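**Student:** Okay, here's the structure, questions in a sec.
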Amino acid sequence: MRIKELSQLSGMAASAIRFYEDEGLLPPVRRSDNGYRSYGNDHVERLRFIQRCRSLDMSLEDIRRMTGLLFQNLEADPDEVHDIVEEQLAVVDRRIAELNLMRGELLSLLDRCHHGHHHASGEVCGVVDALRRETQP
């Protein structure tokens, strides 16, 4: 199949397919006599796997490790796969903690807003004052 069909079957843009191909995440592509790339069902499977990993926000390096383990090594070490997923979970947990801190800061800023009533400085909302004070040394 050509890249257009692969794109339709995988739900991935042709430019993304070429990117993952350049990154070495796809198996080598055969070329037909006229020079067109000829993809197979293994490419569809691999792209769907990559897409799922990306939806979990895995890095390209982690996806490279996973595809290497799962598609090239018939006897993938389950402990290594587990470690990759566990590392990604730790990344997600850190981001959740950071987002919770950010949420708290935003809630605090909202508490300074006077909902249409003018602040002592003449501003409608105290958020601008608070942000200015927090950016000054």
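By order of appearance in the structure tokens: chains A, B, ..., then residues from 1 within every chain, and ligands from 1 in the order shown.
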Report as a ChimeraX atom specification all protein, DNA and RNA residues lying within 9 Å of A:Ile17, evaluated on only C-alpha atoms, omitting residues in the same chain fewer than 2 positions from it.
**Tutor:** /A:3,6-7,12-15,19-22,26,47
**Student:** Could I get the residues of stretch 35-75 of chain A with an atom no further than 12 Å from an atom of stretch 87-107 of chain A, each paired with its nearest atom pair and that distance in Å to one decimal, using only C-alpha atoms, sorted by chain and residue number, as a tab-separated table?
**Tutor:**
residue	atom	partner	partner_atom	distance
A:Cys53	CA	A:Gln88	CA	10.2
A:Arg54	CA	A:Gln88	CA	11.3
A:Ser55	CA	A:Gln88	CA	11.9
A:Leu56	CA	A:Gln88	CA	8.3
A:Asp57	CA	A:Gln88	CA	8.1
A:Met58	CA	A:Gln88	CA	6.6
A:Ser59	CA	A:Gln88	CA	8.8
A:Glu61	CA	A:Gln88	CA	11.6
A:Asp62	CA	A:Gln88	CA	8.7
A:Ile63	CA	A:Gln88	CA	10.9
**Student:** If you run DSSP on this backbone, which residues of stretch 1-117 of chain A come out as alpha helix (DSSP H), and could you give them as a ChimeraX atom specification?
**Tutor:** /A:3-10,14-22,41-55,60-67,78-111
**Student:** Any idea what's packed within 10 Å of A:Arg2, counting only C-alpha atoms, ignoring anything in its chain fewer than 3 positions away? Could you give it as a PyMOL selection string?
**Tutor:** chain A and resi 5-7+31-32+36-40
**Student:** Suppose you want the space between atom CA of A:Pro28 and atom CA of A:Val85; what is it in Å?
**Tutor:**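 Atom CA of A:Pro28 sits 26.4 Å away from atom CA of A:Val85.
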**Student:** I'd like the interatomic distance between atom CA of A:Gln8 and atom CA of A:Glu23, to a tenth of an Å.
**Tutor:**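 Calculated distance between atom CA of A:Gln8 and atom CA of A:Glu23 is 20.7 Å.
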**Student:** Can you tell me, as number ranges by chain, which residues in stretch 24-61 of chain A count as strand (DSSP E) by DSSP?
**Tutor:** A: 30-31, 37-38
**Student:** Let's have the selection written as a JSON list (two decimals), in the first residue's frame, with N, CA and C atoms.
**Tutor:**
[["chain", "number", "residue", "atom", "x", "y", "z"],
["A", 30, "ARG", "N", 9.82, -1.15, 1.61],
["A", 30, "ARG", "CA", 10.19, -1.59, 0.25],
["A", 30, "ARG", "C", 9.80, -0.50, -0.73],
["A", 31, "ARG", "N", 10.51, -0.44, -1.81],
["A", 31, "ARG", "CA", 10.18, 0.51, -2.88],
["A", 31, "ARG", "C", 9.77, -0.29, -4.12],
["A", 37, "ARG", "N", 7.14, 4.20, -2.14],
["A", 37, "ARG", "CA", 7.24, 3.36, -0.95],
["A", 37, "ARG", "C", 6.06, 2.39, -0.93],
["A", 38, "SER", "N", 6.32, 1.19, -0.49],
["A", 38, "SER", "CA", 5.27, 0.18, -0.41],
["A", 38, "SER", "C", 5.19, -0.34, 1.02]]
**Student:** Distance atom CA of A:Leu110-atom CA of A:Arg132, one decimal place?
**Tutor:**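 Interatomic distance here is 14.6 Å.
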**Student:** Skip A:Arg65 itself and residues of its chain fewer than 3 positions away, then list as a PyMOL selection string all residues within 12 Å of it, counting only C-alpha atoms.
**Tutor:** chain A and resi 24-25+50+53+58-62+68-73+76-77+80-85
**Student:** Write the selection just made, keeping C-alpha atoms, as a PDB file, in the first residue's frame?
**Tutor:**
ATOM      1  CA  GLY A  24      13.745   4.575  12.615  1.00  0.00           C
ATOM      2  CA  LEU A  25      10.537   3.634  14.425  1.00  0.00           C
ATOM      3  CA  ILE A  50       3.259   4.430  18.239  1.00  0.00           C
ATOM      4  CA  CYS A  53       2.262   5.416  23.104  1.00  0.00           C
ATOM      5  CA  MET A  58       5.713   8.759  25.947  1.00  0.00           C
ATOM      6  CA  SER A  59       8.891  10.259  24.577  1.00  0.00           C
ATOM      7  CA  LEU A  60      10.310   9.192  21.224  1.00  0.00           C
ATOM      8  CA  GLU A  61      13.162   7.504  23.060  1.00  0.00           C
ATOM      9  CA  ASP A  62      10.748   5.456  25.175  1.00  0.00           C
ATOM     10  CA  GLY A  68      12.590  -2.405  19.850  1.00  0.00           C
ATOM     11  CA  LEU A  69      11.503  -4.685  22.645  1.00  0.00           C
ATOM     12  CA  LEU A  70       8.105  -5.609  21.300  1.00  0.00           C
ATOM     13  CA  PHE A  71       8.623  -5.768  17.550  1.00  0.00           C
ATOM     14  CA  GLN A  72      12.254  -6.698  17.083  1.00  0.00           C
ATOM     15  CA  ASN A  73      12.913  -8.900  20.083  1.00  0.00           C
ATOM     16  CA  ALA A  76      11.023  -9.027  25.142  1.00  0.00           C
ATOM     17  CA  ASP A  77      12.028  -8.660  28.757  1.00  0.00           C
ATOM     18  CA  GLU A  80      12.130  -3.689  30.917  1.00  0.00           C
ATOM     19  CA  VAL A  81       8.677  -2.991  29.462  1.00  0.00           C
ATOM     20  CA  HIS A  82       7.366  -2.609  33.023  1.00  0.00           C
ATOM     21  CA  ASP A  83      10.197  -0.194  33.856  1.00  0.00           C
ATOM     22  CA  ILE A  84       9.413   2.004  30.851  1.00  0.00           C
ATOM     23  CA  VAL A  85       5.738   2.225  31.799  1.00  0.00           C
TER      24      VAL A  85
END
